Amino acid sequence: MGAAEVGEFLTHLARDGHVAASTQNQALSALLFLYKQVLKEEIGWLEDVERAKKPARLPVVLTPDEVHKVFAHLHGTPRLMAGLLYGSGLRLMECVRLRVKDVDFGYARITVRDGKGGKDRVTMLPVNLVSALERHLAKVKMQHEEDLAEGFGEVYLPDALERKYRSAARSWVWQFVFPSSRIAADPRSGVLRRHHVDENVLQVAVKRAVGESGINKPASCHTLRHSFATHLLENGYDIRTVQELLGHKDVSTTMIYTHVLNQPGIGVRSPLD
(Lines give C-alpha, C1' and ligand atoms only; values in the text may rest on other atoms or scores of the structure.)
Protein backbone atom coordinates (compact mmCIF):
# COMPACT_ATOMS: atom_id res chain seq x y z
CA MET A 1 0.00 0.00 0.00
CA GLY A 2 1.15 3.51 -0.80
CA ALA A 3 0.05 7.14 -0.72
CA ALA A 4 -3.36 6.43 -2.28
CA GLU A 5 -4.38 3.87 0.34
CA VAL A 6 -3.04 5.98 3.22
CA GLY A 7 -4.98 8.97 1.88
CA GLU A 8 -8.17 6.93 1.65
CA PHE A 9 -7.72 5.69 5.21
CA LEU A 10 -7.24 9.21 6.60
CA THR A 11 -10.29 10.44 4.68
CA HIS A 12 -12.27 7.50 6.06
CA LEU A 13 -11.33 8.52 9.60
CA ALA A 14 -12.67 12.03 9.05
CA ARG A 15 -15.73 11.20 6.95
CA ASP A 16 -16.96 7.95 8.48
CA GLY A 17 -15.17 7.79 11.82
CA HIS A 18 -16.01 11.40 12.78
CA VAL A 19 -12.74 11.63 14.69
CA ALA A 20 -11.25 14.80 16.13
CA ALA A 21 -8.60 16.66 14.14
CA SER A 22 -5.93 15.65 16.66
CA THR A 23 -6.83 11.96 16.25
CA GLN A 24 -6.45 12.15 12.48
CA ASN A 25 -3.14 13.99 12.84
CA GLN A 26 -1.92 11.30 15.24
CA ALA A 27 -2.82 8.59 12.72
CA LEU A 28 -1.00 10.50 9.96
CA SER A 29 2.13 10.89 12.14
CA ALA A 30 2.09 7.19 13.03
CA LEU A 31 1.83 6.15 9.38
CA LEU A 32 4.59 8.54 8.29
CA PHE A 33 6.82 7.10 11.04
CA LEU A 34 6.00 3.55 9.94
CA TYR A 35 6.88 4.17 6.30
CA LYS A 36 9.97 6.31 6.87
CA GLN A 37 11.59 4.71 9.93
CA VAL A 38 10.39 1.07 9.80
CA LEU A 39 9.67 0.24 6.16
CA LYS A 40 12.33 2.69 4.88
CA GLU A 41 10.02 3.91 2.12
CA GLU A 42 9.11 7.42 1.05
CA ILE A 43 5.35 7.72 0.94
CA GLY A 44 5.36 11.04 -0.92
CA TRP A 45 2.94 13.93 -0.67
CA LEU A 46 -0.58 13.01 0.41
CA GLU A 47 -3.07 14.87 -1.75
CA ASP A 48 -6.86 15.12 -1.64
CA VAL A 49 -7.10 14.00 1.98
CA GLU A 50 -10.28 15.17 3.65
CA ARG A 51 -9.13 16.72 6.90
CA ALA A 52 -11.06 16.49 10.16
CA LYS A 53 -12.21 19.94 11.20
CA LYS A 54 -11.12 21.39 14.52
CA PRO A 55 -14.15 23.16 15.96
CA ALA A 56 -13.73 26.72 17.17
CA ARG A 57 -14.51 26.79 20.87
CA LEU A 58 -15.05 29.82 23.06
CA PRO A 59 -12.92 29.97 26.20
CA VAL A 60 -14.42 29.53 29.65
CA VAL A 61 -14.32 32.89 31.43
CA LEU A 62 -15.14 33.74 35.04
CA THR A 63 -16.80 36.99 36.05
CA PRO A 64 -14.88 39.23 38.50
CA ASP A 65 -17.24 38.09 41.27
CA GLU A 66 -16.57 34.42 40.45
CA VAL A 67 -12.82 35.07 40.50
CA HIS A 68 -13.12 36.50 44.02
CA LYS A 69 -15.10 33.43 45.10
CA VAL A 70 -12.38 31.11 43.77
CA PHE A 71 -9.61 33.10 45.50
CA ALA A 72 -11.52 32.91 48.78
CA HIS A 73 -10.83 29.15 48.75
CA LEU A 74 -7.13 29.43 47.82
CA HIS A 75 -4.41 29.87 50.42
CA GLY A 76 -0.63 30.12 50.67
CA THR A 77 1.56 29.55 47.63
CA PRO A 78 -1.28 28.30 45.34
CA ARG A 79 -3.16 31.56 45.99
CA LEU A 80 -0.07 33.59 45.10
CA MET A 81 0.51 31.58 41.92
CA ALA A 82 -3.14 31.84 40.91
CA GLY A 83 -2.88 35.59 41.51
CA LEU A 84 -0.13 35.78 38.90
CA LEU A 85 -2.18 33.75 36.42
CA TYR A 86 -5.13 36.10 36.78
CA GLY A 87 -3.31 39.34 37.60
CA SER A 88 -0.48 39.03 35.05
CA GLY A 89 -1.99 36.73 32.42
CA LEU A 90 0.70 34.07 32.82
CA ARG A 91 0.32 30.55 31.47
CA LEU A 92 0.62 27.77 34.02
CA MET A 93 4.16 26.71 33.05
CA GLU A 94 5.29 30.33 32.69
CA CYS A 95 4.30 30.79 36.34
CA VAL A 96 6.03 27.69 37.75
CA ARG A 97 9.20 28.41 35.70
CA LEU A 98 9.42 32.03 36.86
CA ARG A 99 12.86 32.98 38.22
CA VAL A 100 13.78 35.61 40.80
CA LYS A 101 15.62 37.81 38.28
CA ASP A 102 12.49 38.12 36.11
CA VAL A 103 10.42 39.85 38.81
CA ASP A 104 11.00 43.61 38.81
CA PHE A 105 9.46 45.20 41.91
CA GLY A 106 10.75 48.67 41.02
CA TYR A 107 8.88 48.87 37.72
CA ALA A 108 6.12 46.47 38.85
CA ARG A 109 6.58 44.15 35.91
CA ILE A 110 7.37 40.53 35.11
CA THR A 111 9.54 39.37 32.22
CA VAL A 112 8.38 36.07 30.79
CA ARG A 113 11.35 34.22 29.30
CA ASP A 114 11.04 31.67 26.52
CA GLY A 115 7.24 31.71 26.45
CA LYS A 116 5.11 29.95 23.88
CA GLY A 117 6.87 30.13 20.53
CA GLY A 118 10.22 30.79 22.25
CA LYS A 119 9.40 34.49 22.72
CA ASP A 120 10.09 36.82 25.64
CA ARG A 121 7.51 39.37 26.75
CA VAL A 122 6.82 41.81 29.57
CA THR A 123 3.61 41.92 31.58
CA MET A 124 2.51 43.74 34.72
CA LEU A 125 3.16 42.72 38.31
CA PRO A 126 -0.10 43.33 40.23
CA VAL A 127 0.50 45.89 42.98
CA ASN A 128 -1.81 43.89 45.29
CA LEU A 129 0.59 40.94 45.12
CA VAL A 130 3.84 42.84 45.78
CA SER A 131 3.94 42.52 49.58
CA ALA A 132 2.84 38.85 49.54
CA LEU A 133 5.42 38.04 46.85
CA GLU A 134 8.19 39.82 48.77
CA ARG A 135 7.38 37.81 51.91
CA HIS A 136 7.31 34.62 49.84
CA LEU A 137 10.71 35.38 48.27
CA ALA A 138 12.20 36.12 51.70
CA LYS A 139 11.26 32.58 52.78
CA VAL A 140 12.57 31.09 49.53
CA LYS A 141 15.87 32.94 49.96
CA MET A 142 16.32 31.54 53.48
CA GLN A 143 15.67 28.06 52.10
CA HIS A 144 18.20 28.65 49.32
CA GLU A 145 20.84 29.77 51.83
CA GLU A 146 20.23 26.62 53.86
CA ASP A 147 20.63 24.52 50.69
CA LEU A 148 23.97 26.24 49.97
CA ALA A 149 25.17 25.58 53.50
CA GLU A 150 24.38 21.88 53.05
CA GLY A 151 26.27 21.69 49.75
CA PHE A 152 23.31 21.98 47.41
CA GLY A 153 21.62 25.13 46.05
CA GLU A 154 22.06 24.46 42.33
CA VAL A 155 19.24 25.10 39.88
CA TYR A 156 18.77 23.99 36.29
CA LEU A 157 19.89 26.58 33.72
CA PRO A 158 18.50 26.64 30.16
CA ASP A 159 20.55 26.05 27.00
CA ALA A 160 24.33 26.33 27.51
CA LEU A 161 24.24 28.89 30.34
CA GLU A 162 25.51 26.33 32.84
CA ARG A 163 28.76 25.98 30.87
CA LYS A 164 29.03 29.70 30.14
CA TYR A 165 28.34 30.97 33.67
CA ARG A 166 29.76 28.40 36.10
CA SER A 167 28.51 30.03 39.30
CA ALA A 168 25.09 31.14 38.02
CA ALA A 169 23.39 27.86 38.96
CA ARG A 170 24.00 28.61 42.66
CA SER A 171 23.23 32.34 42.52
CA TRP A 172 20.05 33.69 44.12
CA VAL A 173 18.77 35.55 41.03
CA TRP A 174 18.55 32.35 38.96
CA GLN A 175 16.50 30.44 41.54
CA PHE A 176 12.87 29.58 40.85
CA VAL A 177 10.29 31.84 42.49
CA PHE A 178 8.21 28.76 43.31
CA PRO A 179 10.71 26.00 44.14
CA SER A 180 9.92 22.40 44.94
CA SER A 181 9.58 21.34 48.56
CA ARG A 182 12.33 18.75 48.14
CA ILE A 183 15.70 18.25 46.48
CA ALA A 184 15.76 15.55 43.81
CA ALA A 185 18.12 14.14 41.19
CA ASP A 186 17.88 15.89 37.82
CA PRO A 187 17.05 13.09 35.31
CA ARG A 188 19.13 14.84 32.63
CA SER A 189 22.38 14.94 34.60
CA GLY A 190 21.81 13.12 37.89
CA VAL A 191 22.79 16.26 39.87
CA LEU A 192 20.83 16.82 43.08
CA ARG A 193 18.84 20.03 42.62
CA ARG A 194 15.77 21.85 43.83
CA HIS A 195 13.56 22.18 40.76
CA HIS A 196 10.42 24.31 40.44
CA VAL A 197 7.18 23.19 42.07
CA ASP A 198 5.11 20.59 40.21
CA GLU A 199 2.41 22.31 38.19
CA ASN A 200 -0.06 19.69 39.36
CA VAL A 201 -0.02 21.32 42.81
CA LEU A 202 -1.66 24.47 41.45
CA GLN A 203 -3.98 22.58 39.11
CA VAL A 204 -5.40 20.50 41.96
CA ALA A 205 -5.72 23.55 44.23
CA VAL A 206 -7.61 25.59 41.62
CA LYS A 207 -9.88 22.68 40.73
CA ARG A 208 -10.74 22.18 44.40
CA ALA A 209 -11.34 25.92 44.90
CA VAL A 210 -13.69 26.07 41.92
CA GLY A 211 -15.68 23.14 43.30
CA GLU A 212 -15.86 24.60 46.81
CA SER A 213 -16.96 28.01 45.50
CA GLY A 214 -20.03 26.44 43.86
CA ILE A 215 -19.25 27.80 40.37
CA ASN A 216 -20.91 25.72 37.66
CA LYS A 217 -18.21 26.20 35.03
CA PRO A 218 -15.43 23.81 33.96
CA ALA A 219 -12.79 26.30 35.11
CA SER A 220 -9.08 25.51 35.34
CA CYS A 221 -5.78 27.36 35.72
CA HIS A 222 -5.93 28.55 32.12
CA THR A 223 -9.40 29.97 32.77
CA LEU A 224 -7.72 32.59 34.97
CA ARG A 225 -5.63 33.71 31.98
CA HIS A 226 -8.77 33.86 29.82
CA SER A 227 -10.45 35.93 32.52
CA PHE A 228 -7.42 38.27 32.67
CA ALA A 229 -7.74 39.07 28.96
CA THR A 230 -11.53 39.41 29.00
CA HIS A 231 -11.61 41.70 32.04
CA LEU A 232 -8.93 43.97 30.54
CA LEU A 233 -11.05 44.38 27.40
CA GLU A 234 -14.13 45.00 29.53
CA ASN A 235 -12.21 47.74 31.33
CA GLY A 236 -11.58 49.53 28.04
CA TYR A 237 -8.00 48.54 27.19
CA ASP A 238 -7.33 48.19 23.47
CA ILE A 239 -6.92 44.75 21.96
CA ARG A 240 -3.34 45.40 20.76
CA THR A 241 -2.22 46.06 24.33
CA VAL A 242 -3.92 42.87 25.52
CA GLN A 243 -2.28 40.97 22.64
CA GLU A 244 1.18 42.14 23.79
CA LEU A 245 0.50 41.22 27.42
CA LEU A 246 -0.70 37.74 26.44
CA GLY A 247 2.17 37.16 24.00
CA HIS A 248 -0.09 36.28 21.07
CA LYS A 249 1.62 36.29 17.67
CA ASP A 250 -1.57 37.22 15.81
CA VAL A 251 -4.28 39.60 17.00
CA SER A 252 -6.89 37.20 15.63
CA THR A 253 -6.04 34.87 18.53
CA THR A 254 -6.79 37.68 20.99
CA MET A 255 -10.02 38.55 19.16
CA ILE A 256 -11.70 35.43 20.57
CA TYR A 257 -12.10 37.24 23.90
CA THR A 258 -14.36 39.86 22.31
CA HIS A 259 -17.01 37.13 21.90
CA VAL A 260 -17.40 36.58 25.62
CA LEU A 261 -17.61 40.17 26.80
CA ASN A 262 -20.64 41.38 28.70
CA GLN A 263 -20.67 44.47 26.49
CA PRO A 264 -19.15 43.44 23.14
CA GLY A 265 -17.67 46.01 20.84
CA ILE A 266 -20.27 45.40 18.12
CA GLY A 267 -22.84 47.10 20.35
CA VAL A 268 -25.78 44.87 19.37
CA ARG A 269 -28.71 44.88 21.74
CA SER A 270 -31.35 42.17 21.91
CA PRO A 271 -34.78 43.20 20.53
CA LEU A 272 -36.28 41.75 23.71
CA ASP A 273 -34.40 44.41 25.71
# chains A, B, ... in the order shown; residues from 1 in each chain; ligands from 1

$ closest_atom_pairs --of "range 175-224 of chain A" --to "range 59-62 of chain A" --cutoff "10 Å" --atoms "only C-alpha atoms" --output "CSV"
residue,atom,partner,partner_atom,distance
A:Ile215,CA,A:Leu62,CA,9.0
A:Lys217,CA,A:Val60,CA,7.4
A:Pro218,CA,A:Val60,CA,7.2
A:Ala219,CA,A:Val60,CA,6.6
A:Ser220,CA,A:Val60,CA,8.8
A:His222,CA,A:Val60,CA,8.9
A:Thr223,CA,A:Val61,CA,5.9
A:Leu224,CA,A:Val61,CA,7.5

$ select_by_dssp --residues "range 118-253 of chain A" --states "strand (DSSP E or B)" --output "number ranges by chain"
A: 121-124, 176, 179, 184-185, 192-193, 196

$ atom_distance --atom1 "CA of Arg91 in chain A" --atom2 "CA of Asp147 in chain A"
28.6 Å

$ closest_residue --among "A:Ala108, A:Ala209, A:Leu10, A:Val201" --to "Pro126 in chain A" --atoms "only C-alpha atoms"
A:Ala108

$ atom_distance --atom1 "CA of Glu244 in chain A" --atom2 "CA of Val67 in chain A"
22.9 Å

$ residues_around --residues "Ile43 in chain A" --least-positions-apart "2" --cutoff "7 Å" --atoms "only C-alpha atoms" --output "list in words"
Gly2, Ala3, Tyr35, Glu41 and Trp45 of chain A

$ atom_distance --atom1 "CA of Gly76 in chain A" --atom2 "CA of His196 in chain A"
16.1 Å

$ residues_around --residues "Asp186 in chain A" --least-positions-apart "6" --cutoff "9 Å" --atoms "only C-alpha atoms" --output "list in words"
Tyr156, Leu192, Arg193, Arg194 and His195 of chain A

$ write_last_selection --atoms "N, CA and C atoms" --output "PDB file, in the first residue's frame"
ATOM      1  N   TYR A 156      18.571  24.271  37.718  1.00  0.00           N
ATOM      2  CA  TYR A 156      18.767  23.993  36.288  1.00  0.00           C
ATOM      3  C   TYR A 156      18.816  25.299  35.506  1.00  0.00           C
ATOM      4  N   LEU A 192      21.879  16.542  42.100  1.00  0.00           N
ATOM      5  CA  LEU A 192      20.827  16.821  43.083  1.00  0.00           C
ATOM      6  C   LEU A 192      20.509  18.305  43.059  1.00  0.00           C
ATOM      7  N   ARG A 193      19.263  18.629  42.752  1.00  0.00           N
ATOM      8  CA  ARG A 193      18.844  20.025  42.616  1.00  0.00           C
ATOM      9  C   ARG A 193      17.449  20.227  43.189  1.00  0.00           C
ATOM     10  N   ARG A 194      17.129  21.499  43.457  1.00  0.00           N
ATOM     11  CA  ARG A 194      15.769  21.855  43.826  1.00  0.00           C
ATOM     12  C   ARG A 194      15.116  22.479  42.596  1.00  0.00           C
ATOM     13  N   HIS A 195      14.212  21.722  41.987  1.00  0.00           N
ATOM     14  CA  HIS A 195      13.559  22.183  40.765  1.00  0.00           C
ATOM     15  C   HIS A 195      12.372  23.068  41.137  1.00  0.00           C
TER      16      HIS A 195
END

$ closest_residue --among "A:Leu92, A:Val6, A:His12, A:Gly44" --to "Ala30 in chain A" --atoms "only C-alpha atoms"
A:Val6

$ select_by_dssp --residues "range 61-186 of chain A" --states "alpha helix (DSSP H)" --output "PyMOL selection string"
chain A and resi 64-71+76-88+92-96+130-149+161-164

$ write_last_selection --atoms "N, CA and C atoms" --output "tab-separated table (two decimals), in the first residue's frame"
chain	number	residue	atom	x	y	z
A	64	PRO	N	-15.69	38.75	37.37
A	64	PRO	CA	-14.88	39.23	38.50
A	64	PRO	C	-15.37	38.69	39.84
A	65	ASP	N	-16.69	38.61	40.02
A	65	ASP	CA	-17.24	38.09	41.27
A	65	ASP	C	-16.88	36.62	41.46
A	66	GLU	N	-16.93	35.84	40.37
A	66	GLU	CA	-16.57	34.42	40.45
A	66	GLU	C	-15.09	34.24	40.75
A	67	VAL	N	-14.25	35.13	40.20
A	67	VAL	CA	-12.82	35.07	40.50
A	67	VAL	C	-12.57	35.28	41.99
A	68	HIS	N	-13.27	36.24	42.59
A	68	HIS	CA	-13.12	36.50	44.02
A	68	HIS	C	-13.57	35.29	44.84
A	69	LYS	N	-14.62	34.62	44.39
A	69	LYS	CA	-15.10	33.43	45.10
A	69	LYS	C	-14.06	32.31	45.06
A	70	VAL	N	-13.41	32.13	43.90
A	70	VAL	CA	-12.38	31.11	43.77
A	70	VAL	C	-11.19	31.43	44.68
A	71	PHE	N	-10.77	32.70	44.69
A	71	PHE	CA	-9.61	33.10	45.50
A	71	PHE	C	-9.89	32.99	46.99
A	76	GLY	N	-2.07	30.35	50.77
A	76	GLY	CA	-0.63	30.12	50.67
A	76	GLY	C	-0.08	30.30	49.27
A	77	THR	N	0.88	29.45	48.93
A	77	THR	CA	1.56	29.55	47.63
A	77	THR	C	0.61	29.36	46.45
A	78	PRO	N	-0.35	28.40	46.47
A	78	PRO	CA	-1.28	28.30	45.34
A	78	PRO	C	-2.07	29.58	45.10
A	79	ARG	N	-2.44	30.30	46.15
A	79	ARG	CA	-3.16	31.56	45.99
A	79	ARG	C	-2.28	32.60	45.30
A	80	LEU	N	-1.01	32.64	45.70
A	80	LEU	CA	-0.07	33.59	45.10
A	80	LEU	C	0.16	33.27	43.63
A	81	MET	N	0.31	31.99	43.32
A	81	MET	CA	0.51	31.58	41.92
A	81	MET	C	-0.73	31.87	41.08
A	82	ALA	N	-1.90	31.56	41.63
A	82	ALA	CA	-3.14	31.84	40.91
A	82	ALA	C	-3.31	33.34	40.70
A	83	GLY	N	-2.83	34.13	41.66
A	83	GLY	CA	-2.88	35.59	41.51
A	83	GLY	C	-2.06	36.07	40.34
A	84	LEU	N	-0.95	35.41	40.06
A	84	LEU	CA	-0.13	35.78	38.90
A	84	LEU	C	-0.78	35.34	37.59
A	85	LEU	N	-1.47	34.20	37.62
A	85	LEU	CA	-2.18	33.75	36.42
A	85	LEU	C	-3.27	34.73	36.04
A	86	TYR	N	-4.02	35.19	37.05
A	86	TYR	CA	-5.13	36.10	36.78
A	86	TYR	C	-4.66	37.56	36.70
A	87	GLY	N	-3.72	37.95	37.55
A	87	GLY	CA	-3.31	39.34	37.60
A	87	GLY	C	-2.28	39.73	36.56
A	88	SER	N	-1.52	38.74	36.03
A	88	SER	CA	-0.48	39.03	35.05
A	88	SER	C	-0.72	38.34	33.71
A	92	LEU	N	0.27	28.58	32.86
A	92	LEU	CA	0.62	27.77	34.02
A	92	LEU	C	2.12	27.52	34.11
A	93	MET	N	2.73	27.04	33.02
A	93	MET	CA	4.16	26.71	33.05
A	93	MET	C	5.03	27.97	33.10
A	94	GLU	N	4.54	29.08	32.58
A	94	GLU	CA	5.29	30.33	32.69
A	94	GLU	C	5.37	30.75	34.17
A	95	CYS	N	4.34	30.45	34.91
A	95	CYS	CA	4.30	30.79	36.34
A	95	CYS	C	5.26	29.90	37.13
A	96	VAL	N	5.19	28.59	36.95
A	96	VAL	CA	6.03	27.69	37.75
A	96	VAL	C	7.51	27.81	37.36
A	130	VAL	N	2.43	42.50	45.52
A	130	VAL	CA	3.84	42.84	45.78
A	130	VAL	C	4.27	42.43	47.18
A	131	SER	N	3.52	42.82	48.21
A	131	SER	CA	3.94	42.52	49.58
A	131	SER	C	3.94	41.02	49.85
A	132	ALA	N	2.91	40.31	49.35
A	132	ALA	CA	2.84	38.85	49.54
A	132	ALA	C	4.00	38.16	48.82
A	133	LEU	N	4.34	38.65	47.61
A	133	LEU	CA	5.42	38.04	46.85
A	133	LEU	C	6.76	38.32	47.50
A	134	GLU	N	6.94	39.50	48.07
A	134	GLU	CA	8.19	39.82	48.77
A	134	GLU	C	8.37	38.93	50.00
A	135	ARG	N	7.29	38.71	50.74
A	135	ARG	CA	7.38	37.81	51.91
A	135	ARG	C	7.70	36.39	51.48
A	136	HIS	N	7.07	35.97	50.36
A	136	HIS	CA	7.31	34.62	49.84
A	136	HIS	C	8.78	34.46	49.43
A	137	LEU	N	9.32	35.46	48.74
A	137	LEU	CA	10.71	35.38	48.27
A	137	LEU	C	11.70	35.41	49.44
A	138	ALA	N	11.33	36.10	50.52
A	138	ALA	CA	12.20	36.12	51.70
A	138	ALA	C	12.34	34.71	52.28
A	139	LYS	N	11.23	33.97	52.30
A	139	LYS	CA	11.26	32.58	52.78
A	139	LYS	C	12.06	31.69	51.83
A	140	VAL	N	11.85	31.89	50.53
A	140	VAL	CA	12.57	31.09	49.53
A	140	VAL	C	14.08	31.35	49.62
A	141	LYS	N	14.44	32.61	49.87
A	141	LYS	CA	15.87	32.94	49.96
A	141	LYS	C	16.51	32.27	51.17
A	142	MET	N	15.80	32.24	52.29
A	142	MET	CA	16.32	31.54	53.48
A	142	MET	C	16.52	30.06	53.19
A	143	GLN	N	15.56	29.48	52.47
A	143	GLN	CA	15.67	28.06	52.10
A	143	GLN	C	16.86	27.84	51.19
A	144	HIS	N	17.08	28.76	50.24
A	144	HIS	CA	18.20	28.65	49.32
A	144	HIS	C	19.54	28.74	50.06
A	145	GLU	N	19.62	29.63	51.05
A	145	GLU	CA	20.84	29.77	51.83
A	145	GLU	C	21.13	28.51	52.64
A	146	GLU	N	20.07	27.88	53.14
A	146	GLU	CA	20.23	26.62	53.86
A	146	GLU	C	20.72	25.51	52.92
A	147	ASP	N	20.19	25.50	51.70
A	147	ASP	CA	20.63	24.52	50.69
A	147	ASP	C	22.12	24.69	50.39
A	148	LEU	N	22.55	25.96	50.26
A	148	LEU	CA	23.97	26.24	49.97
A	148	LEU	C	24.85	25.76	51.11
A	149	ALA	N	24.39	25.99	52.33
A	149	ALA	CA	25.17	25.58	53.50
A	149	ALA	C	25.32	24.07	53.59
A	161	LEU	N	23.86	27.90	29.32
A	161	LEU	CA	24.24	28.89	30.34
A	161	LEU	C	25.04	28.27	31.47
A	162	GLU	N	24.79	27.00	31.75
A	162	GLU	CA	25.51	26.33	32.84
A	162	GLU	C	27.01	26.23	32.54
A	163	ARG	N	27.34	26.04	31.26
A	163	ARG	CA	28.76	25.98	30.87
A	163	ARG	C	29.36	27.38	30.77
A	164	LYS	N	28.54	28.34	30.36
A	164	LYS	CA	29.03	29.70	30.14
A	164	LYS	C	29.23	30.44	31.46

$ closest_residue --among "A:Val242, A:Leu13, A:Glu234, A:Thr253" --to "Gln26 in chain A" --atoms "only C-alpha atoms"
A:Leu13

$ closest_residue --among "A:Arg99, A:Arg51, A:Arg109, A:Lys40" --to "Ala21 in chain A" --atoms "only C-alpha atoms"
A:Arg51
